[in-house]
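Text of the file query06.txt, holding compact mmCIF, C-alpha atoms:
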```
# COMPACT_ATOMS: atom_id res chain seq x y z
CA MET A 1 4.84 -82.91 -55.56
CA ALA A 2 4.54 -80.17 -58.19
CA PRO A 3 1.31 -79.85 -60.14
CA VAL A 4 0.71 -82.29 -62.99
CA VAL A 5 -1.01 -81.35 -66.26
CA GLY A 6 -2.90 -83.74 -68.52
CA ILE A 7 -2.87 -83.58 -72.32
CA VAL A 8 -5.50 -84.90 -74.73
CA ALA A 9 -4.36 -84.55 -78.36
CA ASN A 10 -6.78 -85.86 -80.97
CA PRO A 11 -4.77 -87.24 -83.93
CA VAL A 12 -7.80 -87.36 -86.28
CA SER A 13 -9.60 -84.05 -85.69
CA ALA A 14 -10.23 -81.92 -88.82
CA ARG A 15 -10.70 -84.93 -91.08
CA ASP A 16 -14.43 -84.88 -91.81
CA ILE A 17 -16.34 -84.14 -95.03
CA ARG A 18 -15.93 -80.37 -94.59
CA ARG A 19 -12.33 -80.76 -95.76
CA VAL A 20 -13.78 -81.79 -99.12
CA VAL A 21 -16.75 -79.42 -99.49
CA ALA A 22 -15.06 -76.41 -97.86
CA ASN A 23 -11.54 -75.12 -97.32
CA ALA A 24 -11.13 -76.55 -93.84
CA THR A 25 -7.69 -76.90 -92.28
CA SER A 26 -6.08 -80.31 -91.90
CA LEU A 27 -3.14 -80.33 -89.50
CA GLN A 28 -0.54 -83.03 -90.05
CA ILE A 29 0.71 -85.14 -87.15
CA ALA A 30 4.03 -83.27 -87.13
CA ASP A 31 2.15 -79.96 -86.82
CA ARG A 32 0.19 -81.25 -83.81
CA ALA A 33 3.41 -82.48 -82.22
CA ASN A 34 5.04 -79.07 -82.72
CA ILE A 35 2.07 -77.45 -81.02
CA LEU A 36 2.52 -79.77 -78.06
CA LEU A 37 6.26 -79.06 -77.85
CA ARG A 38 5.47 -75.34 -77.57
CA VAL A 39 2.93 -76.04 -74.83
CA LEU A 40 5.32 -78.34 -72.96
CA ALA A 41 8.15 -75.80 -73.05
CA ALA A 42 5.85 -73.14 -71.61
CA LEU A 43 4.57 -75.49 -68.87
CA HIS A 44 8.16 -76.37 -67.90
CA ALA A 45 9.10 -72.69 -67.70
CA CYS A 46 6.35 -72.25 -65.10
CA GLY A 47 7.52 -75.16 -62.95
CA VAL A 48 5.44 -78.06 -64.27
CA ARG A 49 7.71 -81.10 -64.27
CA ASP A 50 5.33 -83.96 -65.15
CA VAL A 51 2.64 -84.32 -67.80
CA LEU A 52 0.18 -87.16 -68.39
CA MET A 53 -0.80 -87.77 -72.02
CA MET A 54 -3.55 -89.74 -73.72
CA PRO A 55 -2.00 -92.58 -75.75
CA GLU A 56 -2.81 -92.73 -79.48
CA ASN A 57 -1.72 -94.58 -82.60
CA GLY A 58 -1.49 -91.50 -84.81
CA GLY A 59 2.15 -90.78 -84.00
CA ILE A 60 1.85 -87.50 -82.08
CA ARG A 61 3.64 -88.77 -79.00
CA ALA A 62 6.46 -90.31 -81.06
CA HIS A 63 7.09 -86.97 -82.79
CA VAL A 64 6.98 -85.16 -79.43
CA GLU A 65 9.45 -87.58 -77.84
CA ARG A 66 11.86 -87.13 -80.76
CA GLY A 67 11.70 -83.38 -80.23
CA MET A 68 12.40 -83.84 -76.53
CA MET A 69 15.34 -86.13 -77.28
CA ARG A 70 16.86 -83.57 -79.66
CA ALA A 71 16.66 -80.95 -76.92
CA ARG A 72 18.31 -83.27 -74.39
CA SER A 73 21.10 -84.07 -76.87
CA ARG A 74 21.84 -80.34 -76.99
CA GLY A 75 21.99 -80.23 -73.21
CA GLU A 76 18.69 -78.34 -72.93
CA ASP A 77 16.35 -79.06 -70.03
CA ILE A 78 13.23 -77.35 -71.39
CA TYR A 79 10.49 -79.98 -71.28
CA PRO A 80 8.63 -81.78 -68.48
CA ALA A 81 8.62 -85.57 -68.29
CA LEU A 82 5.91 -87.17 -70.44
CA HIS A 83 3.92 -90.09 -69.01
CA PRO A 84 1.36 -91.94 -71.18
CA VAL A 85 -1.85 -93.01 -69.47
CA ALA A 86 -1.90 -96.80 -69.10
CA MET A 87 -4.95 -97.82 -71.16
CA PRO A 88 -5.85 -99.72 -74.33
CA ILE A 89 -6.22 -97.74 -77.56
CA THR A 90 -9.40 -98.13 -79.62
CA GLY A 91 -8.97 -95.23 -82.04
CA THR A 92 -12.43 -93.93 -81.13
CA VAL A 93 -13.86 -91.18 -78.93
CA ALA A 94 -13.88 -93.75 -76.12
CA ASP A 95 -10.12 -93.12 -75.80
CA THR A 96 -10.74 -89.46 -75.02
CA HIS A 97 -13.43 -90.31 -72.47
CA ARG A 98 -11.29 -92.88 -70.70
CA ALA A 99 -8.04 -90.91 -70.76
CA THR A 100 -9.79 -87.84 -69.35
CA ALA A 101 -11.39 -89.86 -66.56
CA GLU A 102 -8.07 -91.55 -65.73
CA MET A 103 -6.22 -88.23 -65.60
CA ARG A 104 -8.93 -86.70 -63.44
CA ARG A 105 -8.60 -89.60 -60.98
CA ALA A 106 -4.80 -89.20 -61.05
CA GLY A 107 -5.22 -85.65 -59.76
CA VAL A 108 -4.14 -83.50 -62.70
CA SER A 109 -4.55 -79.78 -62.11
CA ALA A 110 -5.64 -78.94 -65.67
CA LEU A 111 -6.19 -80.57 -69.07
CA VAL A 112 -4.69 -79.15 -72.26
CA VAL A 113 -6.85 -80.28 -75.20
CA LEU A 114 -5.91 -80.27 -78.89
CA GLY A 115 -8.93 -80.74 -81.12
CA GLY A 116 -12.14 -79.20 -82.37
CA ASP A 117 -15.52 -78.76 -80.72
CA GLY A 118 -16.20 -82.51 -80.66
CA THR A 119 -12.95 -83.34 -78.87
CA HIS A 120 -13.52 -80.66 -76.27
CA ARG A 121 -17.07 -81.92 -75.73
CA ALA A 122 -15.74 -85.43 -75.06
CA VAL A 123 -13.24 -84.08 -72.52
CA ALA A 124 -15.85 -81.87 -70.81
CA ALA A 125 -18.08 -84.91 -70.33
CA GLU A 126 -15.46 -86.54 -68.08
CA CYS A 127 -13.30 -83.74 -66.63
CA GLY A 128 -15.45 -82.92 -63.59
CA THR A 129 -13.95 -79.92 -61.81
CA VAL A 130 -10.60 -80.11 -63.66
CA PRO A 131 -10.27 -76.99 -65.86
CA ILE A 132 -9.68 -77.28 -69.61
CA ALA A 133 -7.23 -75.25 -71.70
CA GLY A 134 -8.36 -75.60 -75.31
CA ILE A 135 -6.26 -75.36 -78.47
CA SER A 136 -7.95 -75.27 -81.90
CA THR A 137 -6.94 -78.13 -84.19
CA GLY A 138 -10.35 -79.21 -85.52
CA THR A 139 -12.60 -78.20 -88.42
CA ASN A 140 -15.11 -75.92 -86.72
CA ASN A 141 -13.38 -74.48 -83.68
CA ALA A 142 -16.09 -72.39 -82.05
CA PHE A 143 -15.37 -73.49 -78.48
CA PRO A 144 -11.55 -73.37 -78.27
CA GLU A 145 -10.35 -69.82 -78.73
CA HIS A 146 -7.67 -69.20 -81.37
CA ARG A 147 -4.29 -68.19 -79.95
CA GLU A 148 -0.65 -69.20 -80.00
CA PRO A 149 -0.23 -72.51 -78.06
CA THR A 150 2.81 -71.15 -76.22
CA ILE A 151 0.56 -68.58 -74.54
CA THR A 152 -2.00 -71.24 -73.65
CA GLY A 153 0.79 -73.29 -72.09
CA LEU A 154 2.11 -70.33 -70.12
CA ALA A 155 -1.35 -69.44 -68.81
CA THR A 156 -2.01 -73.04 -67.81
CA GLY A 157 1.33 -73.29 -66.04
CA LEU A 158 0.81 -70.03 -64.14
CA ALA A 159 -2.71 -71.09 -63.17
CA VAL A 160 -1.90 -74.60 -61.89
CA THR A 161 1.16 -73.47 -59.93
CA GLY A 162 -1.01 -71.07 -57.95
CA ARG A 163 0.66 -67.88 -59.13
CA VAL A 164 -2.70 -66.52 -60.28
CA PRO A 165 -5.71 -66.50 -57.92
CA PRO A 166 -8.36 -69.09 -58.92
CA HIS A 167 -11.08 -66.49 -59.40
CA ILE A 168 -8.90 -64.93 -62.11
CA ALA A 169 -7.30 -68.10 -63.48
CA PHE A 170 -10.47 -70.09 -64.19
CA ALA A 171 -13.75 -69.26 -65.92
CA ALA A 172 -17.15 -70.95 -65.83
CA ASN A 173 -18.60 -72.35 -69.05
CA LYS A 174 -22.06 -73.32 -70.27
CA ARG A 175 -23.43 -76.47 -71.88
CA ILE A 176 -26.75 -77.73 -73.23
CA ASP A 177 -28.07 -81.02 -71.83
CA VAL A 178 -30.07 -83.24 -74.18
CA SER A 179 -32.63 -85.62 -72.68
CA LEU A 180 -34.93 -88.11 -74.39
CA ASN A 181 -38.27 -89.26 -72.98
CA GLY A 182 -37.86 -87.60 -69.59
CA GLY A 183 -34.84 -89.69 -68.64
CA ALA A 184 -31.34 -88.77 -67.58
CA VAL A 185 -29.11 -86.59 -69.75
CA THR A 186 -28.42 -88.52 -72.95
CA GLU A 187 -25.85 -86.16 -74.47
CA MET A 188 -24.57 -82.61 -74.16
CA ALA A 189 -23.17 -79.83 -76.33
CA LEU A 190 -20.66 -77.12 -75.48
CA VAL A 191 -21.61 -74.75 -78.30
CA ASP A 192 -24.72 -75.74 -80.24
CA VAL A 193 -27.49 -78.27 -80.72
CA ALA A 194 -29.01 -78.34 -84.22
CA LEU A 195 -32.16 -80.28 -85.09
CA VAL A 196 -32.11 -81.64 -88.63
CA MET A 197 -34.98 -83.25 -90.56
CA GLU A 198 -32.83 -86.09 -91.88
CA ARG A 199 -33.16 -89.11 -89.61
CA TYR A 200 -29.95 -90.82 -90.70
CA ILE A 201 -26.60 -89.89 -89.21
CA GLY A 202 -24.70 -90.23 -92.49
CA ALA A 203 -21.46 -88.28 -92.75
CA ARG A 204 -22.15 -86.76 -89.29
CA ALA A 205 -20.67 -83.33 -90.01
CA LEU A 206 -23.20 -80.60 -90.82
CA TRP A 207 -22.64 -78.62 -93.99
CA ARG A 208 -26.05 -78.44 -95.77
CA THR A 209 -28.48 -75.95 -94.25
CA GLU A 210 -31.70 -76.79 -96.12
CA ASN A 211 -32.62 -79.49 -93.59
CA PHE A 212 -31.93 -77.39 -90.48
CA ARG A 213 -35.01 -76.59 -88.41
CA GLU A 214 -34.02 -75.44 -84.93
CA LEU A 215 -30.78 -74.27 -83.39
CA TYR A 216 -29.87 -73.87 -79.70
CA VAL A 217 -26.55 -72.26 -78.68
CA THR A 218 -24.73 -71.65 -75.41
CA PHE A 219 -23.12 -68.53 -76.86
CA ALA A 220 -23.68 -66.64 -80.10
CA ASP A 221 -20.42 -65.28 -81.45
CA PRO A 222 -20.31 -63.48 -84.82
CA GLU A 223 -16.56 -64.17 -85.02
CA VAL A 224 -16.75 -67.98 -85.09
CA ILE A 225 -17.45 -70.57 -87.79
CA GLY A 226 -20.38 -73.01 -87.74
CA MET A 227 -23.88 -73.08 -86.31
CA SER A 228 -23.04 -70.62 -83.55
CA ALA A 229 -22.22 -68.06 -86.26
CA ILE A 230 -25.87 -68.13 -87.41
CA ALA A 231 -27.03 -67.14 -83.94
CA GLY A 232 -24.18 -64.68 -83.46
CA LEU A 233 -25.13 -62.75 -86.58
CA LEU A 234 -28.69 -62.41 -85.27
CA GLU A 235 -28.14 -61.54 -81.61
CA PRO A 236 -24.71 -61.95 -79.99
CA VAL A 237 -24.58 -63.72 -76.62
CA GLY A 238 -21.28 -63.81 -74.75
CA ARG A 239 -19.58 -66.83 -73.26
CA ASP A 240 -19.75 -65.19 -69.84
CA GLU A 241 -23.45 -64.25 -70.09
CA SER A 242 -26.13 -66.38 -68.48
CA GLY A 243 -28.24 -68.36 -70.95
CA GLY A 244 -28.04 -68.71 -74.73
CA LEU A 245 -30.17 -68.32 -77.85
CA MET A 246 -32.75 -70.41 -79.74
CA VAL A 247 -33.25 -69.94 -83.50
CA ARG A 248 -35.97 -71.36 -85.77
CA LEU A 249 -35.10 -71.79 -89.44
CA SER A 250 -37.47 -71.69 -92.40
CA PRO A 251 -38.98 -74.96 -93.75
CA ASP A 252 -36.93 -76.72 -96.44
CA GLY A 253 -34.41 -73.90 -96.33
CA ASP A 254 -36.73 -71.75 -98.45
CA CYS A 255 -35.57 -68.19 -97.86
CA ARG A 256 -38.72 -66.88 -99.59
CA LYS A 257 -40.76 -68.13 -96.62
CA ALA A 258 -38.39 -66.62 -94.07
CA ALA A 259 -38.86 -63.47 -92.04
CA THR A 260 -35.10 -62.90 -92.24
CA THR A 261 -32.45 -64.14 -94.65
CA LEU A 262 -28.92 -64.45 -93.30
CA HIS A 263 -25.57 -65.10 -94.98
CA ALA A 264 -23.52 -67.10 -92.49
CA PRO A 265 -20.09 -68.83 -92.49
CA ILE A 266 -21.16 -72.38 -91.61
CA ALA A 267 -17.75 -73.94 -92.40
CA PRO A 268 -14.31 -72.57 -93.28
CA GLY A 269 -14.65 -70.72 -96.57
CA MET A 270 -18.30 -71.76 -96.94
CA MET A 271 -21.03 -69.10 -96.85
CA ALA A 272 -24.68 -70.19 -96.82
CA ARG A 273 -28.00 -68.36 -97.19
CA VAL A 274 -30.12 -69.32 -94.20
CA GLY A 275 -33.81 -68.48 -93.82
CA ILE A 276 -34.72 -67.44 -90.26
CA THR A 277 -38.28 -67.65 -88.94
CA ASP A 278 -37.65 -66.24 -85.45
CA TRP A 279 -35.29 -66.38 -82.49
CA ARG A 280 -35.33 -65.73 -78.74
CA ARG A 281 -33.19 -66.01 -75.65
CA MET A 282 -32.69 -69.37 -73.97
CA PRO A 283 -32.60 -68.86 -70.18
CA ALA A 284 -30.55 -71.20 -68.02
CA ASP A 285 -32.24 -74.17 -66.33
CA VAL A 286 -35.41 -73.89 -68.44
CA ALA A 287 -36.30 -77.03 -70.42
CA PHE A 288 -37.06 -76.33 -74.10
CA VAL A 289 -39.21 -78.82 -76.02
CA PRO A 290 -38.56 -78.43 -79.78
CA GLU A 291 -41.32 -78.20 -82.37
CA VAL A 292 -39.47 -80.67 -84.61
CA THR A 293 -40.98 -84.11 -83.98
CA ALA A 294 -38.52 -86.36 -85.82
CA GLY A 295 -35.05 -86.17 -87.30
CA SER A 296 -31.49 -86.17 -86.04
CA ILE A 297 -29.65 -84.20 -83.39
CA ALA A 298 -26.31 -82.58 -84.20
CA LEU A 299 -24.09 -81.71 -81.25
CA ASP A 300 -21.36 -79.12 -81.83
CA GLY A 301 -21.62 -79.56 -85.59
CA GLU A 302 -21.85 -83.36 -85.83
CA ARG A 303 -24.95 -85.58 -86.01
CA GLU A 304 -24.97 -87.92 -83.05
CA LEU A 305 -28.57 -89.04 -82.33
CA SER A 306 -31.82 -89.80 -84.16
CA PHE A 307 -35.32 -89.34 -82.72
CA SER A 308 -38.84 -90.16 -83.90
CA GLU A 309 -42.42 -89.00 -83.29
CA ARG A 310 -42.57 -91.41 -80.33
CA ASP A 311 -39.72 -89.64 -78.53
CA ARG A 312 -39.95 -86.57 -76.31
CA LEU A 313 -36.89 -84.39 -76.66
CA SER A 314 -35.87 -81.81 -74.06
CA LEU A 315 -32.99 -79.30 -74.15
CA THR A 316 -31.76 -77.44 -71.06
CA LEU A 317 -28.92 -74.92 -70.88
CA ARG A 318 -26.73 -75.05 -67.77
CA ASP A 319 -24.59 -72.16 -66.55
CA ASP A 320 -21.34 -72.94 -64.71
CA ALA A 321 -21.24 -76.51 -66.05
CA PHE A 322 -17.44 -76.87 -66.21
CA ARG A 323 -14.31 -74.71 -66.01
CA THR A 324 -11.65 -73.52 -68.41
CA VAL A 325 -8.33 -71.74 -67.97
CA ASN A 326 -9.01 -68.06 -68.60
CA VAL A 327 -5.92 -67.48 -70.70
CA ALA A 328 -6.54 -63.79 -71.37
CA ALA A 329 -7.14 -63.00 -67.70
CA VAL A 330 -4.12 -65.02 -66.56
CA MET A 331 -1.74 -63.33 -68.98
CA ARG A 332 -3.10 -59.89 -68.12
CA HIS A 333 -2.54 -60.66 -64.42
CA ALA A 334 0.95 -61.96 -65.23
CA GLY A 335 1.85 -58.73 -66.96
CA GLN A 336 0.39 -56.49 -64.29
CA ASN A 337 2.23 -58.37 -61.53
CA ARG A 338 5.43 -59.24 -63.45
CA LEU A 339 4.95 -62.96 -62.85
CA LEU A 340 7.39 -63.97 -65.55
CA THR A 341 10.38 -62.19 -64.04
CA ASN A 342 13.12 -64.55 -62.84
CA ARG A 343 12.65 -63.55 -59.21
CA LEU A 344 8.97 -64.51 -59.14
CA LEU A 345 8.94 -67.46 -61.55
CA THR A 346 11.33 -69.47 -59.39
CA GLY A 347 8.84 -69.62 -56.52
CA THR A 348 7.70 -73.00 -55.17
CA PRO A 349 4.70 -74.44 -57.06
CA VAL A 350 1.55 -75.37 -55.16
CA PRO A 351 1.60 -79.10 -54.26
CA VAL A 352 -0.86 -81.32 -56.14
CA THR A 353 -1.42 -85.05 -55.62
CA ALA A 354 -1.06 -87.15 -58.77
CA ALA A 355 -0.32 -90.83 -59.32
CA PHE A 356 1.49 -92.35 -62.30
```
Whole structure, structure tokens version:
Amino acid sequence: MAPVVGIVANPVSARDIRRVVANATSLQIADRANILLRVLAALHACGVRDVLMMPENGGIRAHVERGMMRARSRGEDIYPALHPVAMPITGTVADTHRATAEMRRAGVSALVVLGGDGTHRAVAAECGTVPIAGISTGTNNAFPEHREPTITGLATGLAVTGRVPPHIAFAANKRIDVSLNGGAVTEMALVDVALVMERYIGARALWRTENFRELYVTFADPEVIGMSAIAGLLEPVGRDESGGLMVRLSPDGDCRKAATTLHAPIAPGMMARVGITDWRRMPADVAFVPEVTAGSIALDGERELSFSERDRLSLTLRDDAFRTVNVAAVMRHAGQNRLLTNRLLTGTPVPVTAAF
């Protein structure tokens, strides 16, 4: 059996408060479906004949199936077969968790994810050793790299069919584990953990910096939007470097009390003045205990947990926590070895077990 790819497409990403207070993108369902059709065409060109997809009530799959039917009516065989995962739909993040776990158990070779940082975090929590190929369709897209979905589909197809060696095709990624009161890992973040003085969760999405106190990031990239941009404009840390960065922000957002004042893009089109007290590297596998004693915890830009003075919070960065498709490396290898010539592309894909 040829390799099978799983797809998780979040129909409600990029619909938080940052669409109101900033100039964040909001992709329509038809736009998300068109992205998937480009990915599916690229996967089929590489020999992927079956795809599992998370079911949803937003209408993405219906739009995709109409596009596939139009192609078939023209006599074009350019898409793999689409199989929805058999599961109930709740319209919550639980759908992403369950669909990812089901596809992992079915033996998919990779997971293509459409969403923002939160969607990718939900997939990473359940994917195990299955690599992720991320496509940016959220508000703050620090984790998924921005590129044309056709290229992401091609790289994923070349990787799962074994035409690119695994050490080139897949890359290791970091995460930050969040533990309360010395117990097991309560939550995790792929990009950043921000500690906020407000104890209520509220609108969840972070967009006001005056209540920020501490920031922990897996990578610090000056080219991204969101909390990671604050760290990236202080001391860049690459995705492929060990460890991350910890940043302390000035009390009450008062830049007059800060050692450093930074202008950072915390949301699309939204620049904020942030007072910085100090920062330092965050080595892997070293537990950090924050100075903040009470407030809320934002994971990848969204408040998820509250903690009080009675709680003991611990943050630990993990190297090599999960894998992604290294799209740039795969496409470079494809070009150097002419993998997309007709003679080579018609080779037999590597068998992968998957159940429908």
As an exercise, work out the distance from atom CA of Arg318 of chain A to atom CA of Val160 of chain A in Å and give it to one decimal place.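 Pair atom CA of Arg318 of chain A / atom CA of Val160 of chain A returns 25.5 Å.
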Non-local contacts of segment 57-65 of chain A (8 Å; only C-alpha atoms; under 6 positions in same chain excluded) as JSON, numbers by chain: {"A": [9, 11, 12, 29, 30, 32, 33, 34, 36, 37, 89, 91]}
In Å, rounded to a single decimal, give me how far atom CA of Leu305 of chain A is from atom CA of Gly183 of chain A.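 One can read the atom CA of Gly183 of chain A to atom CA of Leu305 of chain A distance as 15.1 Å.
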Between atom CA of Arg163 of chain A and atom CA of Thr129 of chain A, distance in Å (one decimal):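 So the answer is 19.1 Å.
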Could you list as a list in words every residue that has an atom within 12 Å of (-8.9, -91.5, -60.6), using the file's coordinates and counting only C-alpha atoms?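 Neighbouring residues, ordered by chain and number, come to Val85, Arg98, Ala99, Thr100, Ala101, Glu102, Met103, Arg104, Arg105, Ala106, Gly107, Val108, Glu126, Cys127, Gly128, Val130, Thr353, Ala354, Ala355 and Phe356 of chain A.
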Pick the closest to Thr161 of chain A from A:Ala220, A:Glu241, A:Met54, A:Ala110: which is it, counting only C-alpha atoms?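 Of the candidates, the smallest distance to Thr161 of chain A is held by A:Ala110.
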Mind rebuilding segment 101-118 of chain A with N, CA, C and O atoms and writing that out as a PDB file, keeping the file's coordinate frame?
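Writing done, so here's part_29.pdb:
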```pdb
ATOM      1  N   ALA A 101     -10.981 -89.355 -67.867  1.00  0.00           N
ATOM      2  CA  ALA A 101     -11.390 -89.860 -66.560  1.00  0.00           C
ATOM      3  C   ALA A 101     -10.188 -90.360 -65.760  1.00  0.00           C
ATOM      4  O   ALA A 101     -10.093 -90.120 -64.537  1.00  0.00           O
ATOM      5  N   GLU A 102      -9.258 -91.044 -66.423  1.00  0.00           N
ATOM      6  CA  GLU A 102      -8.070 -91.550 -65.730  1.00  0.00           C
ATOM      7  C   GLU A 102      -7.201 -90.401 -65.216  1.00  0.00           C
ATOM      8  O   GLU A 102      -6.677 -90.437 -64.093  1.00  0.00           O
ATOM      9  N   MET A 103      -7.031 -89.366 -66.022  1.00  0.00           N
ATOM     10  CA  MET A 103      -6.220 -88.230 -65.600  1.00  0.00           C
ATOM     11  C   MET A 103      -6.885 -87.453 -64.473  1.00  0.00           C
ATOM     12  O   MET A 103      -6.227 -86.960 -63.565  1.00  0.00           O
ATOM     13  N   ARG A 104      -8.204 -87.358 -64.540  1.00  0.00           N
ATOM     14  CA  ARG A 104      -8.930 -86.700 -63.440  1.00  0.00           C
ATOM     15  C   ARG A 104      -8.717 -87.472 -62.136  1.00  0.00           C
ATOM     16  O   ARG A 104      -8.440 -86.877 -61.093  1.00  0.00           O
ATOM     17  N   ARG A 105      -8.806 -88.793 -62.187  1.00  0.00           N
ATOM     18  CA  ARG A 105      -8.600 -89.600 -60.980  1.00  0.00           C
ATOM     19  C   ARG A 105      -7.153 -89.528 -60.493  1.00  0.00           C
ATOM     20  O   ARG A 105      -6.890 -89.661 -59.288  1.00  0.00           O
ATOM     21  N   ALA A 106      -6.211 -89.315 -61.432  1.00  0.00           N
ATOM     22  CA  ALA A 106      -4.800 -89.200 -61.050  1.00  0.00           C
ATOM     23  C   ALA A 106      -4.487 -87.866 -60.376  1.00  0.00           C
ATOM     24  O   ALA A 106      -3.407 -87.701 -59.810  1.00  0.00           O
ATOM     25  N   GLY A 107      -5.407 -86.923 -60.450  1.00  0.00           N
ATOM     26  CA  GLY A 107      -5.220 -85.650 -59.760  1.00  0.00           C
ATOM     27  C   GLY A 107      -4.570 -84.561 -60.564  1.00  0.00           C
ATOM     28  O   GLY A 107      -3.914 -83.671 -59.997  1.00  0.00           O
ATOM     29  N   VAL A 108      -4.718 -84.580 -61.909  1.00  0.00           N
ATOM     30  CA  VAL A 108      -4.140 -83.500 -62.700  1.00  0.00           C
ATOM     31  C   VAL A 108      -4.797 -82.166 -62.340  1.00  0.00           C
ATOM     32  O   VAL A 108      -5.964 -82.127 -61.960  1.00  0.00           O
ATOM     33  N   SER A 109      -4.046 -81.100 -62.471  1.00  0.00           N
ATOM     34  CA  SER A 109      -4.550 -79.780 -62.110  1.00  0.00           C
ATOM     35  C   SER A 109      -5.266 -79.086 -63.249  1.00  0.00           C
ATOM     36  O   SER A 109      -6.047 -78.163 -63.030  1.00  0.00           O
ATOM     37  N   ALA A 110      -4.979 -79.504 -64.495  1.00  0.00           N
ATOM     38  CA  ALA A 110      -5.640 -78.940 -65.670  1.00  0.00           C
ATOM     39  C   ALA A 110      -5.439 -79.907 -66.832  1.00  0.00           C
ATOM     40  O   ALA A 110      -4.569 -80.782 -66.799  1.00  0.00           O
ATOM     41  N   LEU A 111      -6.267 -79.734 -67.870  1.00  0.00           N
ATOM     42  CA  LEU A 111      -6.190 -80.570 -69.070  1.00  0.00           C
ATOM     43  C   LEU A 111      -5.999 -79.666 -70.286  1.00  0.00           C
ATOM     44  O   LEU A 111      -6.841 -78.808 -70.560  1.00  0.00           O
ATOM     45  N   VAL A 112      -4.903 -79.850 -70.999  1.00  0.00           N
ATOM     46  CA  VAL A 112      -4.690 -79.150 -72.260  1.00  0.00           C
ATOM     47  C   VAL A 112      -5.248 -80.040 -73.365  1.00  0.00           C
ATOM     48  O   VAL A 112      -4.887 -81.217 -73.467  1.00  0.00           O
ATOM     49  N   VAL A 113      -6.145 -79.486 -74.187  1.00  0.00           N
ATOM     50  CA  VAL A 113      -6.850 -80.280 -75.200  1.00  0.00           C
ATOM     51  C   VAL A 113      -6.549 -79.738 -76.580  1.00  0.00           C
ATOM     52  O   VAL A 113      -6.728 -78.540 -76.841  1.00  0.00           O
ATOM     53  N   LEU A 114      -6.113 -80.623 -77.480  1.00  0.00           N
ATOM     54  CA  LEU A 114      -5.910 -80.270 -78.890  1.00  0.00           C
ATOM     55  C   LEU A 114      -7.001 -80.954 -79.697  1.00  0.00           C
ATOM     56  O   LEU A 114      -7.080 -82.187 -79.733  1.00  0.00           O
ATOM     57  N   GLY A 115      -7.855 -80.164 -80.327  1.00  0.00           N
ATOM     58  CA  GLY A 115      -8.930 -80.740 -81.120  1.00  0.00           C
ATOM     59  C   GLY A 115      -9.951 -79.669 -81.466  1.00  0.00           C
ATOM     60  O   GLY A 115      -9.760 -78.484 -81.208  1.00  0.00           O
ATOM     61  N   GLY A 116     -11.051 -80.100 -82.047  1.00  0.00           N
ATOM     62  CA  GLY A 116     -12.140 -79.200 -82.370  1.00  0.00           C
ATOM     63  C   GLY A 116     -13.232 -79.257 -81.312  1.00  0.00           C
ATOM     64  O   GLY A 116     -13.013 -79.726 -80.193  1.00  0.00           O
ATOM     65  N   ASP A 117     -14.419 -78.808 -81.678  1.00  0.00           N
ATOM     66  CA  ASP A 117     -15.520 -78.760 -80.720  1.00  0.00           C
ATOM     67  C   ASP A 117     -15.875 -80.151 -80.197  1.00  0.00           C
ATOM     68  O   ASP A 117     -16.187 -80.328 -79.014  1.00  0.00           O
ATOM     69  N   GLY A 118     -15.846 -81.166 -81.076  1.00  0.00           N
ATOM     70  CA  GLY A 118     -16.200 -82.510 -80.660  1.00  0.00           C
ATOM     71  C   GLY A 118     -15.236 -83.082 -79.636  1.00  0.00           C
ATOM     72  O   GLY A 118     -15.650 -83.724 -78.659  1.00  0.00           O
TER      73      GLY A 118
END
```
